[in-house]
Structure formats: C-alpha cells, structure tokens
$ cat model19.cif   # mmCIF, C-alpha atoms and all ligand atoms
data_coords
#
loop_
_atom_site.label_atom_id
_atom_site.label_comp_id
_atom_site.auth_asym_id
_atom_site.auth_seq_id
_atom_site.Cartn_x
_atom_site.Cartn_y
_atom_site.Cartn_z
CA MET A 1 8.35 -1.11 28.02
CA THR A 2 10.45 -0.32 24.97
CA LYS A 3 8.88 -1.54 21.75
CA ARG A 4 11.27 -2.96 19.15
CA ILE A 5 10.33 -1.61 15.72
CA SER A 6 11.54 -2.29 12.19
CA VAL A 7 10.63 -0.19 9.17
CA LEU A 8 10.84 -1.89 5.78
CA GLY A 9 10.91 0.91 3.19
CA SER A 10 11.92 3.54 5.73
CA THR A 11 12.91 6.14 3.11
CA GLY A 12 9.48 6.28 1.48
CA SER A 13 6.41 8.29 2.35
CA ILE A 14 4.97 5.74 4.82
CA GLY A 15 8.43 4.93 6.20
CA LYS A 16 9.19 8.58 6.97
CA ASN A 17 5.78 9.11 8.56
CA THR A 18 6.35 6.04 10.73
CA LEU A 19 9.68 7.42 11.92
CA ASP A 20 7.98 10.75 12.58
CA ILE A 21 5.71 9.04 15.13
CA VAL A 22 8.82 7.48 16.71
CA ARG A 23 10.60 10.86 16.73
CA ARG A 24 7.78 12.49 18.69
CA ALA A 25 7.30 9.64 21.19
CA GLU A 26 8.65 9.69 24.74
CA ALA A 27 12.33 8.79 25.00
CA GLY A 28 12.72 5.03 25.39
CA ALA A 29 9.28 4.20 23.97
CA TYR A 30 10.82 2.62 20.86
CA LYS A 31 14.03 0.94 19.80
CA ILE A 32 14.62 0.86 16.04
CA VAL A 33 15.81 -2.61 15.08
CA ALA A 34 16.12 -2.48 11.29
CA LEU A 35 15.63 0.00 8.47
CA THR A 36 15.59 -0.87 4.78
CA ALA A 37 15.55 1.02 1.49
CA ASN A 38 16.11 0.41 -2.18
CA SER A 39 18.91 2.86 -2.96
CA SER A 40 18.41 6.14 -1.05
CA VAL A 41 21.79 6.37 0.66
CA ASP A 42 21.46 9.96 1.89
CA ILE A 43 18.05 9.53 3.48
CA ILE A 44 18.80 6.20 5.17
CA ALA A 45 22.16 7.51 6.44
CA GLU A 46 20.39 10.49 8.04
CA GLN A 47 17.81 8.13 9.53
CA ALA A 48 20.62 5.98 10.92
CA GLU A 49 22.24 9.01 12.56
CA GLU A 50 18.93 10.01 14.13
CA PHE A 51 17.44 6.63 15.11
CA HIS A 52 20.48 4.36 15.68
CA PRO A 53 19.13 1.14 14.16
CA GLU A 54 20.89 -2.17 14.82
CA PHE A 55 20.79 -3.16 11.15
CA ILE A 56 20.36 -1.43 7.79
CA ALA A 57 19.61 -3.23 4.55
CA LEU A 58 19.92 -1.61 1.15
CA ALA A 59 18.53 -3.54 -1.84
CA ASP A 60 20.87 -1.86 -4.32
CA GLU A 61 24.27 -3.58 -3.97
CA ALA A 62 25.91 -0.97 -6.22
CA LYS A 63 25.49 1.52 -3.36
CA ALA A 64 27.30 -0.67 -0.80
CA ALA A 65 30.61 1.24 -0.80
CA GLU A 66 28.87 4.62 -0.60
CA LEU A 67 26.71 3.70 2.42
CA THR A 68 29.56 1.87 4.16
CA SER A 69 31.82 4.92 3.92
CA ARG A 70 29.00 7.29 4.88
CA LEU A 71 28.35 5.32 8.12
CA SER A 72 31.94 4.32 8.89
CA ASP A 73 31.82 6.07 12.29
CA MET A 74 28.65 4.35 13.39
CA ASP A 75 28.10 1.11 15.25
CA VAL A 76 25.54 -0.37 12.85
CA GLU A 77 25.46 -3.59 10.84
CA LEU A 78 24.94 -3.16 7.11
CA GLY A 79 23.62 -5.61 4.55
CA PHE A 80 23.13 -5.32 0.80
CA GLY A 81 20.94 -7.05 -1.78
CA SER A 82 17.59 -8.80 -1.54
CA GLU A 83 18.79 -11.36 1.03
CA ALA A 84 19.76 -8.53 3.37
CA LEU A 85 16.20 -7.17 3.21
CA ILE A 86 14.91 -10.54 4.33
CA GLU A 87 17.49 -10.68 7.09
CA ALA A 88 16.33 -7.24 8.27
CA ALA A 89 12.74 -8.42 8.33
CA LYS A 90 13.67 -11.48 10.39
CA ARG A 91 15.41 -9.56 13.17
CA HIS A 92 13.28 -9.77 16.28
CA ALA A 93 10.83 -6.86 16.34
CA ASP A 94 7.59 -6.42 18.26
CA PHE A 95 6.20 -4.38 15.37
CA THR A 96 7.28 -4.22 11.73
CA MET A 97 6.04 -1.55 9.36
CA ALA A 98 5.84 -3.18 5.91
CA ALA A 99 6.15 -0.15 3.64
CA ILE A 100 8.20 -1.27 0.65
CA ILE A 101 6.41 -0.40 -2.58
CA GLY A 102 5.20 -3.10 -4.94
CA SER A 103 5.76 -6.84 -5.22
CA ALA A 104 9.42 -6.21 -4.25
CA GLY A 105 8.00 -6.05 -0.72
CA LEU A 106 6.47 -9.52 -0.78
CA GLU A 107 9.40 -11.62 0.43
CA PRO A 108 10.60 -9.22 3.15
CA THR A 109 7.03 -8.75 4.38
CA LEU A 110 6.53 -12.52 4.52
CA ALA A 111 9.76 -12.78 6.50
CA ALA A 112 8.38 -10.23 8.99
CA VAL A 113 5.08 -12.13 9.15
CA GLY A 114 7.08 -15.28 9.92
CA GLN A 115 8.09 -13.78 13.29
CA GLY A 116 4.47 -14.09 14.45
CA ASN A 117 4.40 -10.58 15.93
CA HIS A 118 2.59 -7.39 14.88
CA VAL A 119 2.93 -6.29 11.25
CA GLY A 120 1.63 -2.93 10.05
CA LEU A 121 0.68 -3.67 6.46
CA ALA A 122 1.05 -0.67 4.19
CA ASN A 123 2.24 -2.71 1.19
CA LYS A 124 -1.07 -3.58 -0.49
CA GLU A 125 0.63 -5.22 -3.48
CA CYS A 126 1.55 -8.23 -1.25
CA LEU A 127 -2.08 -9.18 -0.88
CA VAL A 128 -2.90 -8.46 -4.51
CA CYS A 129 -0.14 -10.60 -6.00
CA ALA A 130 -0.10 -13.37 -3.40
CA GLY A 131 -3.32 -13.15 -1.36
CA GLU A 132 -3.75 -16.83 -0.64
CA THR A 133 -0.08 -17.56 0.10
CA PHE A 134 0.19 -14.45 2.23
CA MET A 135 -2.89 -15.11 4.36
CA LYS A 136 -1.80 -18.73 4.87
CA ALA A 137 1.56 -17.49 6.15
CA VAL A 138 -0.19 -15.08 8.53
CA LYS A 139 -2.32 -17.90 9.90
CA ALA A 140 0.62 -20.28 10.22
CA SER A 141 2.81 -17.82 12.14
CA GLY A 142 0.02 -16.33 14.26
CA ALA A 143 1.11 -12.82 13.25
CA THR A 144 -1.33 -9.96 13.82
CA LEU A 145 -1.87 -7.92 10.66
CA LEU A 146 -2.68 -4.30 11.33
CA PRO A 147 -3.88 -2.63 8.11
CA VAL A 148 -2.20 0.72 7.48
CA ASP A 149 -3.86 1.61 4.17
CA SER A 150 -6.28 4.26 5.44
CA GLU A 151 -9.41 2.55 4.06
CA HIS A 152 -8.57 -0.84 5.54
CA ASN A 153 -7.45 0.74 8.77
CA ALA A 154 -10.84 2.50 8.95
CA ILE A 155 -12.69 -0.77 8.36
CA PHE A 156 -10.50 -2.56 10.92
CA GLN A 157 -11.43 0.13 13.46
CA VAL A 158 -15.21 -0.18 12.96
CA LEU A 159 -15.56 -3.88 12.19
CA GLU A 160 -17.43 -5.66 14.95
CA ASP A 161 -16.70 -9.21 15.96
CA ASP A 162 -19.75 -10.67 14.17
CA PRO A 163 -18.89 -11.49 10.53
CA LYS A 164 -22.46 -12.57 9.75
CA GLY A 165 -23.82 -9.18 10.82
CA VAL A 166 -21.91 -7.36 8.06
CA ARG A 167 -23.79 -6.56 4.84
CA ARG A 168 -21.00 -4.81 2.94
CA LEU A 169 -17.77 -2.90 3.18
CA ILE A 170 -17.68 0.52 1.52
CA LEU A 171 -14.27 1.79 0.42
CA THR A 172 -14.07 5.53 -0.08
CA ALA A 173 -11.92 7.03 -2.86
CA SER A 174 -10.84 10.63 -3.23
CA GLY A 175 -11.25 10.28 -7.00
CA GLY A 176 -7.70 11.51 -7.63
CA PRO A 177 -6.60 14.59 -9.58
CA PHE A 178 -8.76 13.79 -12.65
CA ARG A 179 -12.10 13.18 -10.98
CA GLU A 180 -13.72 15.95 -12.99
CA ALA A 181 -11.56 15.76 -16.12
CA CYS A 182 -13.12 14.84 -19.48
CA MET A 183 -11.73 12.06 -21.69
CA GLU A 184 -9.96 14.59 -23.99
CA ARG A 185 -8.13 16.02 -20.98
CA LEU A 186 -6.98 12.56 -19.92
CA GLN A 187 -5.25 12.12 -23.29
CA SER A 188 -2.78 14.89 -22.52
CA VAL A 189 -2.04 14.14 -18.85
CA THR A 190 1.64 14.63 -17.99
CA ARG A 191 3.71 12.99 -15.27
CA GLU A 192 3.52 16.18 -13.18
CA ASP A 193 -0.28 16.46 -13.55
CA ALA A 194 -0.73 12.87 -12.43
CA LEU A 195 1.68 13.15 -9.48
CA ASN A 196 -0.21 16.17 -8.15
CA HIS A 197 -2.78 14.52 -5.85
CA PRO A 198 -5.41 16.94 -4.52
CA VAL A 199 -5.62 15.52 -0.98
CA TRP A 200 -2.92 12.98 -0.09
CA SER A 201 0.86 13.33 -0.21
CA MET A 202 2.32 9.94 -1.22
CA GLY A 203 5.07 8.16 -3.13
CA ALA A 204 5.13 8.35 -6.94
CA LYS A 205 3.74 4.91 -7.79
CA ILE A 206 0.70 5.11 -5.51
CA SER A 207 0.06 8.69 -6.68
CA ILE A 208 -0.24 7.45 -10.28
CA ASP A 209 -2.39 4.53 -9.10
CA SER A 210 -4.66 7.07 -7.41
CA ALA A 211 -4.93 9.05 -10.64
CA THR A 212 -5.96 5.97 -12.67
CA LEU A 213 -8.09 4.58 -9.76
CA MET A 214 -6.01 1.39 -9.96
CA ASN A 215 -5.19 2.18 -6.34
CA LYS A 216 -8.84 1.65 -5.41
CA GLY A 217 -8.87 -1.53 -7.47
CA LEU A 218 -5.82 -2.87 -5.62
CA GLU A 219 -7.53 -1.88 -2.36
CA LEU A 220 -10.64 -3.82 -3.36
CA ILE A 221 -8.53 -6.97 -3.68
CA GLU A 222 -6.65 -6.10 -0.48
CA ALA A 223 -9.96 -5.72 1.40
CA SER A 224 -11.26 -9.00 0.07
CA TRP A 225 -8.28 -10.88 1.56
CA LEU A 226 -7.98 -8.91 4.78
CA PHE A 227 -11.65 -9.13 5.70
CA ASP A 228 -12.55 -12.37 3.92
CA ARG A 229 -15.31 -10.85 1.77
CA PRO A 230 -16.24 -11.53 -1.88
CA SER A 231 -16.26 -8.78 -4.50
CA SER A 232 -20.09 -8.56 -4.27
CA GLU A 233 -19.82 -7.39 -0.65
CA ILE A 234 -17.32 -4.58 -1.27
CA ASP A 235 -18.42 -1.31 -2.84
CA VAL A 236 -16.41 1.74 -3.85
CA ILE A 237 -17.72 5.29 -3.51
CA VAL A 238 -15.96 8.50 -4.47
CA HIS A 239 -15.73 10.95 -1.56
CA PRO A 240 -13.52 13.88 -2.64
CA GLN A 241 -12.99 15.38 0.85
CA SER A 242 -11.31 12.17 2.15
CA ILE A 243 -12.68 12.72 5.66
CA ILE A 244 -14.55 9.41 5.89
CA HIS A 245 -11.86 6.81 5.30
CA SER A 246 -14.24 3.87 4.72
CA MET A 247 -17.39 2.33 6.17
CA VAL A 248 -19.01 -0.92 7.20
CA GLU A 249 -22.73 -1.46 6.66
CA TYR A 250 -24.44 -3.93 9.00
CA LEU A 251 -27.59 -6.01 8.49
CA ASP A 252 -29.68 -3.71 10.68
CA GLY A 253 -28.92 -0.75 8.38
CA SER A 254 -26.30 0.83 10.65
CA VAL A 255 -23.28 2.23 8.83
CA LEU A 256 -20.15 2.79 10.92
CA SER A 257 -17.35 4.94 9.57
CA GLN A 258 -13.99 6.18 10.74
CA MET A 259 -13.18 9.84 10.09
CA GLY A 260 -10.09 11.96 10.36
CA SER A 261 -7.87 14.39 8.50
CA PRO A 262 -6.26 12.88 5.41
CA ASP A 263 -2.91 12.23 7.09
CA MET A 264 -1.35 8.75 7.08
CA ARG A 265 0.09 9.31 10.54
CA THR A 266 -3.35 8.46 11.99
CA PRO A 267 -3.55 4.90 10.60
CA ILE A 268 0.20 4.46 11.18
CA ALA A 269 -0.15 5.45 14.86
CA TYR A 270 -3.21 3.22 15.20
CA ALA A 271 -1.26 0.23 13.88
CA MET A 272 1.83 1.00 15.98
CA GLY A 273 -0.11 1.45 19.19
CA TRP A 274 -2.73 -1.28 18.78
CA PRO A 275 -4.54 -2.31 20.93
CA LYS A 276 -3.90 1.05 22.61
CA ARG A 277 -4.32 4.50 21.08
CA ILE A 278 -1.22 6.66 20.81
CA ALA A 279 -0.89 10.33 19.85
CA ALA A 280 -0.36 11.38 16.23
CA PRO A 281 0.59 14.95 15.26
CA VAL A 282 -2.27 15.37 12.81
CA GLU A 283 -4.67 18.25 12.25
CA ARG A 284 -7.84 17.62 14.24
CA LEU A 285 -11.18 17.71 12.45
CA ASP A 286 -13.09 20.95 12.93
CA PHE A 287 -16.64 19.99 11.97
CA ALA A 288 -17.84 23.60 11.84
CA LYS A 289 -15.31 24.21 9.04
CA ILE A 290 -16.20 21.18 6.92
CA SER A 291 -18.52 22.63 4.29
CA GLY A 292 -19.90 19.26 3.23
CA LEU A 293 -19.27 15.60 2.68
CA THR A 294 -20.15 14.47 -0.84
CA PHE A 295 -20.30 11.06 -2.50
CA PHE A 296 -20.40 9.90 -6.15
CA GLU A 297 -20.41 6.63 -8.07
CA PRO A 298 -16.97 6.07 -9.65
CA ASP A 299 -16.89 6.56 -13.44
CA MET A 300 -15.85 3.12 -14.66
CA GLU A 301 -15.52 4.22 -18.30
CA LYS A 302 -13.14 7.03 -17.55
CA PHE A 303 -11.22 4.85 -15.08
CA PRO A 304 -11.10 1.33 -16.59
CA ALA A 305 -8.38 0.27 -14.10
CA LEU A 306 -11.00 -0.09 -11.37
CA ARG A 307 -13.10 -2.34 -13.59
CA LEU A 308 -10.02 -4.44 -14.47
CA ALA A 309 -9.18 -4.91 -10.79
CA ARG A 310 -12.72 -5.97 -9.92
CA GLU A 311 -12.71 -8.43 -12.83
CA ALA A 312 -9.33 -9.79 -11.67
CA LEU A 313 -10.65 -10.25 -8.12
CA GLU A 314 -13.68 -12.11 -9.45
CA ALA A 315 -11.60 -14.23 -11.85
CA GLY A 316 -9.09 -15.15 -9.11
CA GLY A 317 -6.28 -17.55 -10.09
CA GLN A 318 -3.38 -15.72 -11.71
CA ALA A 319 -5.39 -12.62 -12.63
CA PRO A 320 -4.65 -10.42 -9.57
CA CYS A 321 -0.91 -11.16 -9.74
CA VAL A 322 -0.80 -10.36 -13.47
CA LEU A 323 -2.87 -7.21 -12.90
CA ASN A 324 -0.49 -6.00 -10.20
CA ALA A 325 2.77 -6.73 -12.00
CA ALA A 326 1.50 -5.34 -15.32
CA ASN A 327 0.36 -2.20 -13.53
CA GLU A 328 3.71 -1.73 -11.75
CA GLN A 329 5.53 -2.05 -15.06
CA ALA A 330 3.10 0.25 -16.88
CA VAL A 331 3.28 2.92 -14.16
CA ALA A 332 7.10 2.81 -14.26
CA ALA A 333 6.92 3.26 -18.07
CA PHE A 334 4.52 6.19 -17.68
CA LEU A 335 6.83 7.82 -15.12
CA ASP A 336 9.71 7.30 -17.58
CA GLY A 337 7.79 9.02 -20.35
CA LYS A 338 7.46 5.79 -22.37
CA LEU A 339 3.69 5.33 -22.08
CA PRO A 340 0.82 7.82 -22.14
CA PHE A 341 -1.47 8.05 -19.10
CA LEU A 342 -4.37 6.27 -20.82
CA GLY A 343 -1.92 3.58 -21.97
CA ILE A 344 -1.53 2.29 -18.40
CA ALA A 345 -4.94 0.60 -18.18
CA ARG A 346 -4.69 -0.42 -21.83
CA VAL A 347 -1.47 -2.40 -21.39
CA VAL A 348 -2.70 -3.92 -18.13
CA GLU A 349 -5.82 -5.16 -19.93
CA ALA A 350 -3.73 -6.50 -22.81
CA ALA A 351 -1.42 -8.32 -20.36
CA LEU A 352 -4.42 -9.89 -18.63
CA ASP A 353 -5.83 -10.98 -22.02
CA ALA A 354 -2.47 -12.46 -23.05
CA HIS A 355 -2.03 -14.43 -19.80
CA ALA A 356 -5.68 -15.57 -19.81
CA LYS A 357 -4.79 -17.75 -22.81
CA GLY A 358 -2.44 -19.81 -20.61
CA SER A 359 -3.80 -23.17 -19.44
CA ASP A 360 -3.10 -22.48 -15.75
CA PHE A 361 -4.59 -18.95 -15.61
CA ALA A 362 -7.32 -20.19 -13.27
CA CYS A 363 -4.80 -21.51 -10.71
CA ALA A 364 -3.36 -19.05 -8.19
CA PRO A 365 0.44 -19.42 -7.84
CA ALA A 366 0.91 -21.91 -5.02
CA HIS A 367 4.02 -20.43 -3.38
CA VAL A 368 6.15 -17.29 -3.32
CA GLU A 369 8.59 -18.43 -6.03
CA ALA A 370 5.64 -19.07 -8.37
CA VAL A 371 4.23 -15.63 -7.55
CA MET A 372 7.54 -13.94 -8.34
CA ALA A 373 7.96 -15.96 -11.58
CA LEU A 374 4.47 -14.93 -12.72
CA ASP A 375 5.23 -11.34 -11.69
CA ARG A 376 8.34 -11.35 -13.93
CA ALA A 377 6.43 -12.93 -16.82
CA ALA A 378 3.65 -10.31 -16.64
CA ARG A 379 6.22 -7.50 -16.59
CA ALA A 380 7.90 -8.99 -19.68
CA THR A 381 4.52 -9.08 -21.44
CA VAL A 382 4.08 -5.37 -20.73
CA ASP A 383 7.61 -4.54 -21.93
CA GLU A 384 6.88 -6.29 -25.24
CA GLN A 385 3.64 -4.35 -25.65
CA ILE A 386 5.35 -1.05 -24.97
CA VAL A 387 8.08 -1.75 -27.52
CA ASN A 388 5.40 -2.56 -30.09
CA LEU A 389 3.26 0.53 -29.42
P1 LIG B 1 7.49 5.26 -1.64
O1 LIG B 1 7.77 5.09 -3.08
O2 LIG B 1 7.44 6.63 -1.08
O3 LIG B 1 8.57 4.42 -0.78
C1 LIG B 1 8.84 3.10 -1.08
C2 LIG B 1 9.91 2.52 -0.16
O4 LIG B 1 10.23 1.21 -0.66
C3 LIG B 1 11.21 3.31 -0.14
O5 LIG B 1 11.81 3.19 1.11
C4 LIG B 1 12.08 2.59 -1.18
O6 LIG B 1 13.45 2.72 -0.94
C5 LIG B 1 11.63 1.15 -0.99
N1 LIG B 1 11.76 0.38 -2.24
C6 LIG B 1 11.34 0.73 -3.48
N2 LIG B 1 11.66 -0.22 -4.37
C7 LIG B 1 12.28 -1.21 -3.70
C8 LIG B 1 12.87 -2.45 -4.09
N3 LIG B 1 12.86 -2.87 -5.35
N4 LIG B 1 13.43 -3.19 -3.12
C9 LIG B 1 13.45 -2.77 -1.82
N5 LIG B 1 12.94 -1.60 -1.40
C10 LIG B 1 12.34 -0.83 -2.33
O7 LIG B 1 6.13 4.48 -1.35
P2 LIG B 1 4.99 4.83 -0.29
O8 LIG B 1 4.09 5.84 -0.88
O9 LIG B 1 5.58 5.04 1.06
O10 LIG B 1 4.17 3.46 -0.29
C11 LIG B 1 4.66 2.29 0.35
C12 LIG B 1 3.55 1.25 0.38
O11 LIG B 1 2.49 1.75 1.19
C13 LIG B 1 2.93 0.97 -0.99
O12 LIG B 1 2.61 -0.38 -1.10
C14 LIG B 1 1.68 1.81 -1.02
O13 LIG B 1 0.67 1.28 -1.82
C15 LIG B 1 1.28 1.76 0.45
N6 LIG B 1 0.48 2.91 0.88
C16 LIG B 1 1.03 4.16 0.85
C17 LIG B 1 0.28 5.25 1.23
C18 LIG B 1 0.88 6.64 1.23
O14 LIG B 1 0.24 7.57 1.71
N7 LIG B 1 2.08 6.84 0.75
C19 LIG B 1 -1.03 5.07 1.66
C20 LIG B 1 -1.56 3.79 1.69
C21 LIG B 1 -0.78 2.71 1.30
MG MG B 2 -5.62 3.80 0.61
#

$ encode --input "model19.cif" --output "structure tokens" --more "lines below"
Ligand code: NAD
Ligand code: MG
Amino acid sequence: MTKRISVLGSTGSIGKNTLDIVRRAEAGAYKIVALTANSSVDIIAEQAEEFHPEFIALADEAKAAELTSRLSDMDVELGFGSEALIEAAKRHADFTMAAIIGSAGLEPTLAAVGQGNHVGLANKECLVCAGETFMKAVKASGATLLPVDSEHNAIFQVLEDDPKGVRRLILTASGGPFREACMERLQSVTREDALNHPVWSMGAKISIDSATLMNKGLELIEASWLFDRPSSEIDVIVHPQSIIHSMVEYLDGSVLSQMGSPDMRTPIAYAMGWPKRIAAPVERLDFAKISGLTFFEPDMEKFPALRLAREALEAGGQAPCVLNAANEQAVAAFLDGKLPFLGIARVVEAALDAHAKGSDFACAPAHVEAVMALDRAARATVDEQIVNL
C-alpha cells in the first residue's frame, strides 16, 4: 500500500535524507503529500520536480513570486507564510517527518501530531521548549511519536515494555570537534572550525550545538519527555566513534545498545518503516575494522552548556524554554560573527539568570502561544546582552 508522507523542513539535512530513502524505495511505495521550507526556493523546486508533492509551503512570503514562477508548469498547490506551514502539516499523511529546525517547528509539528498518525520527530527543540504541552497533544491525538534523533531512536529500539525494569538511560555523545581542545583553543574558535563536525554531517545550528555540547543538553531534556524519566536516570557519556548510538541499563545489570554507522538514514528509515524494518543505503558496520570503542566522562567545565541544560531540566518551569530560545539566538549571533564561541553558553546562562528573577519562572508555559511569547522574550534578552557586550 502506498504510504502518504509529508516532510516538514524538506530542504535541510534530515529532510534531504528522508527524501533519499523515498528516492530509493520501490515505485509506488510512497506518495509525497507536502513539503515545507523556510526560504530555499531552488532546493524545494527541484524536490517538487522530482517528488511531485500535492502541496508546498514556504515560510518566507518574500519568496512567493519566485517560487510561483519557478513552478508555473507544475500541478502543485503553493502556500506562503507560517499559516501555510501549518496547513501543510494538517494535510492527511500516514507519516510526517518533523525536521524543521528550532522552535519555529513547534506549531507545524503540533499540527502534524494533531492528525493522530505517525510522526518522525527530528525536531528536538519542540520537546525542549514545550515538553508538557507537546506530550499532552500527543496523548490527546493518539499520535505515535517515532524518535529520529539517533540517540532517542537507539533507546526506542532497545527499550523493553517494562518501565520499572529500567535503571537508567545512557546517551552517547561524539564530543564534537573540540573534545580534545584546551580552553585557550576554545577562545579562538571560528565559525568554520565549529561547523566542521568530525563524525556527523548536519545542518549549521545543530553542528554548533554539537560543538558546545548544548546538543547533548537538549537531547537530555528531549529524552526526559520522550521516555518519562527524571534527570537522575539519564546519563551522558562521550563516545567519539559514534557507533553505539545510546544505551538502556536494566535493573539486572544488562545494558542494551543500538549500533550502526553514523548516518541519519538509519534512524530515519527506522521511523519511516516502523513497525517494520526497511532498507537504508548506509555503510554496514565491519567489526573487524573497528579499532576500538572508547568512552569518557563529558568535561562540564569546558562545555558549560551541558550543565546549563541539566540544570534547566531539573528546574523545570520556564527554564527549558528560555534555555532553548536563548541558545537559538546565541548560535545565530555566533554564525553571524557577532558573538565568540565561548559567548554562546555565557549569554544563555545570563538569559536564564535574568528570567529566573520573574515571578512565574517556576511555571511552565501552559499553551503554545505562551511558549512562543516566552521564546520571543528570551531571544530579546539575548539580543540586549549582545548589544551590551
Ligand atoms: P537544517 O538547518 O539542515 O534544515 C532545517 C530545515 O528547516 C530546512 O528545511 C529549513 O528550510 C527549515 N527552516 C529553517 N528555519 C525555518 C523557519 N523559521 N520556518 C520554517 N522552516 C524553517 O537542519 P537539520 O540539521 O536538518 O535539523 C533539523 C532538525 O532535526 C533539528 O531540530 C535538529 O536538531 C534535528 N536533528 C538533526 C540531525 C542531523 O543529522 N541533521 C540529527 C538529529 C536531530
Ligand atoms: Mg542526536
């Protein structure tokens, strides 16, 4: 039977890898319902020509004329602006890949969840900024969340149906490009250095998050919501080879892990095929060629972002949303050359301190509008700090 698929954020790293699985599948296995992007007209137009979606939504309304003229010969509906993204996410699909970056993905992803079908969740920021609201919406619609983040996908694969038997979840981290760098080196990190991840090929924002280890911090919060575990039951271990994608330790001492080449097409295929396994064009593991698997404690002094994320998870309330928005704004400033690498964690911490003075800091935003308002406020706090640096 043909599976109807939508890809939110189809022009990004996860989006393109998702379409690569579709490209290699048997003819008729999938029908692409909707594709969305922020502003990448050329890429989404090429995707439209190849995959013939029913609907395309572009967030950037200024690009409307350009995309319309580019696709004038095609029988495809086009929509522009944030409402169009939500419309795309509401079109009936058996499976939606939620791969927009950042809190901009929250409302479209919630719209996809509202269908009550399968959602491949790549966008971790949704759960960080709006964990409670998001999980309530999943429960209410009966949607099945299939984690795409490789660590959470690994845990999902090895988690047995006995919550009380689990002692802890262990998230693995590659350690990023600066795992062995000294503090002096970190002071002179450039945009190019930080974008150059040793193992994974990813979009710009998550590459910077991997370099600061904020990515692992966001994943800690993501894991807590997805698997209903407190911070004390989730550990992080650095594993530079990125072969073990995460582990679950059980009460009897057993540790189950999922392994594979560091290629996102494995977790993407797992999510798309679930509950069946489908083929992914990834390099197979050759155990005779793996020289060793090593593990280290993360260095929390060198990478304060991980500490900040754990503290935000434990504080709850507004802290995770402020952490996420402040980090998005700080990473954008770093990529723009307006903030040094070590400034990212510093402004995130300052934003958390500033918002902690508010009387309602302990209360998590109760609905999406409140999440997005807090997100905007935290970004404004960061902008002020950067101007005053
Ligand atoms: P990316 O930057 O490569 O792509 C992001 C996509 O979102 C693009 O299609 C872009 O057009 C769209 N987008 C960006 N801003 C938008 C906005 N304001 N409104 C609407 N659309 C917007 O990102 P990515 O690396 O593919 O990551 C996507 C998500 O998946 C992130 O949440 C990331 O944390 C998560 N993730 C990615 C990887 C990876 O290997 N890339 C691994 C695990 C998790
Ligand atoms: Mg990950």

$ residues_near_ligand --input "model19.cif" --ligand "ligand MG 2 (chain B)" --cutoff "6 Å" --atoms "only C-alpha atoms and all ligand atoms" --output "list in words"
Asp149, Ser150 and Glu151 of chain A

$ residues_near_ligand --input "model19.cif" --ligand "ligand LIG 1 (chain B)" --cutoff "7 Å" --atoms "all atoms listed in the file" --output "NGL selection string"
:A and (8-15 or 36-40 or 59 or 99-102 or 104-105 or 122-125 or 148-150 or 200-206 or 264)

$ closest_residue --input "model19.cif" --among "A:Thr109, A:Ser6, A:Ser141, A:Ser210" --to "His92 of chain A" --atoms "only C-alpha atoms"
A:Ser6

$ residues_around --input "model19.cif" --residues "Gly176 of chain A" --least-positions-apart "4" --cutoff "10 Å" --atoms "all atoms listed in the file" --output "short mmCIF file (atom, residue, chain, number, x, y, z; two decimals) with C-alpha atoms, in the frame of the given file"
data_model
loop_
_atom_site.label_atom_id
_atom_site.label_comp_id
_atom_site.auth_asym_id
_atom_site.auth_seq_id
_atom_site.Cartn_x
_atom_site.Cartn_y
_atom_site.Cartn_z
CA GLU A 180 -13.72 15.95 -12.99
CA ALA A 194 -0.73 12.87 -12.43
CA LEU A 195 1.68 13.15 -9.48
CA ASN A 196 -0.21 16.17 -8.15
CA HIS A 197 -2.78 14.52 -5.85
CA PRO A 198 -5.41 16.94 -4.52
CA VAL A 199 -5.62 15.52 -0.98
CA TRP A 200 -2.92 12.98 -0.09
CA SER A 207 0.06 8.69 -6.68
CA ILE A 208 -0.24 7.45 -10.28
CA ASP A 209 -2.39 4.53 -9.10
CA SER A 210 -4.66 7.07 -7.41
CA ALA A 211 -4.93 9.05 -10.64
CA THR A 212 -5.96 5.97 -12.67
CA LEU A 213 -8.09 4.58 -9.76
CA ASN A 215 -5.19 2.18 -6.34
CA VAL A 238 -15.96 8.50 -4.47
CA PRO A 240 -13.52 13.88 -2.64
#

$ closest_residue --input "model19.cif" --among "A:Phe341, A:Phe227, A:Tyr30, A:Phe296" --to "Gly273 of chain A" --atoms "only C-alpha atoms"
A:Tyr30

$ closest_residue --input "model19.cif" --among "A:Val322, A:Cys129, A:Ala366, A:Val331" --to "Ala351 of chain A" --atoms "all atoms listed in the file"
A:Val322

$ axis_aligned_box --input "model19.cif" --around "segment 192-197 of chain A" --padding-each-side "3 Å" --output "lines of an AutoDock Vina configuration file"
center_x = 0.4
center_y = 14.7
center_z = -9.7
size_x = 12.3
size_y = 9.6
size_z = 13.7

$ residues_around --input "model19.cif" --residues "Ile221 of chain A" --least-positions-apart "2" --cutoff "12 Å" --atoms "all atoms listed in the file" --output "PyMOL selection string"
chain A and resi 124-132+152+171+214-219+223-236+306-316+319-321+323-324

$ closest_atom_pairs --input "model19.cif" --of "segment 107-201 of chain A" --to "segment 244-256 of chain A" --cutoff "8 Å" --atoms "all atoms listed in the file" --output "JSON lines"
{"residue": "A:Ser150", "atom": "CA", "partner": "A:His245", "partner_atom": "CA", "distance": 6.1}
{"residue": "A:Glu151", "atom": "CA", "partner": "A:Ser246", "partner_atom": "CA", "distance": 5.1}
{"residue": "A:His152", "atom": "CA", "partner": "A:Ser246", "partner_atom": "CA", "distance": 7.4}
{"residue": "A:Ala154", "atom": "CA", "partner": "A:Ser246", "partner_atom": "CA", "distance": 5.6}
{"residue": "A:Ile155", "atom": "CA", "partner": "A:Met247", "partner_atom": "CA", "distance": 6.0}
{"residue": "A:Val158", "atom": "CA", "partner": "A:Leu256", "partner_atom": "CA", "distance": 6.1}
{"residue": "A:Leu159", "atom": "CA", "partner": "A:Val248", "partner_atom": "CA", "distance": 6.8}
{"residue": "A:Gly165", "atom": "CA", "partner": "A:Leu251", "partner_atom": "CA", "distance": 5.4}
{"residue": "A:Val166", "atom": "CA", "partner": "A:Tyr250", "partner_atom": "CA", "distance": 4.4}
{"residue": "A:Arg167", "atom": "CA", "partner": "A:Tyr250", "partner_atom": "CA", "distance": 5.0}
{"residue": "A:Arg168", "atom": "CA", "partner": "A:Glu249", "partner_atom": "CA", "distance": 5.3}
{"residue": "A:Leu169", "atom": "CA", "partner": "A:Val248", "partner_atom": "CA", "distance": 4.6}
{"residue": "A:Ile170", "atom": "CA", "partner": "A:Met247", "partner_atom": "CA", "distance": 5.0}
{"residue": "A:Leu171", "atom": "CA", "partner": "A:Ser246", "partner_atom": "CA", "distance": 4.8}
{"residue": "A:Thr172", "atom": "CA", "partner": "A:Ser246", "partner_atom": "CA", "distance": 5.1}

$ atom_distance --input "model19.cif" --atom1 "atom CA of Lys357 of chain A" --atom2 "atom CA of Ser103 of chain A"
23.2 Å

$ closest_residue --input "model19.cif" --among "A:Gln187, A:Thr133, A:Ser359, A:Thr18" --to "Thr96 of chain A" --atoms "all atoms listed in the file"
A:Thr18
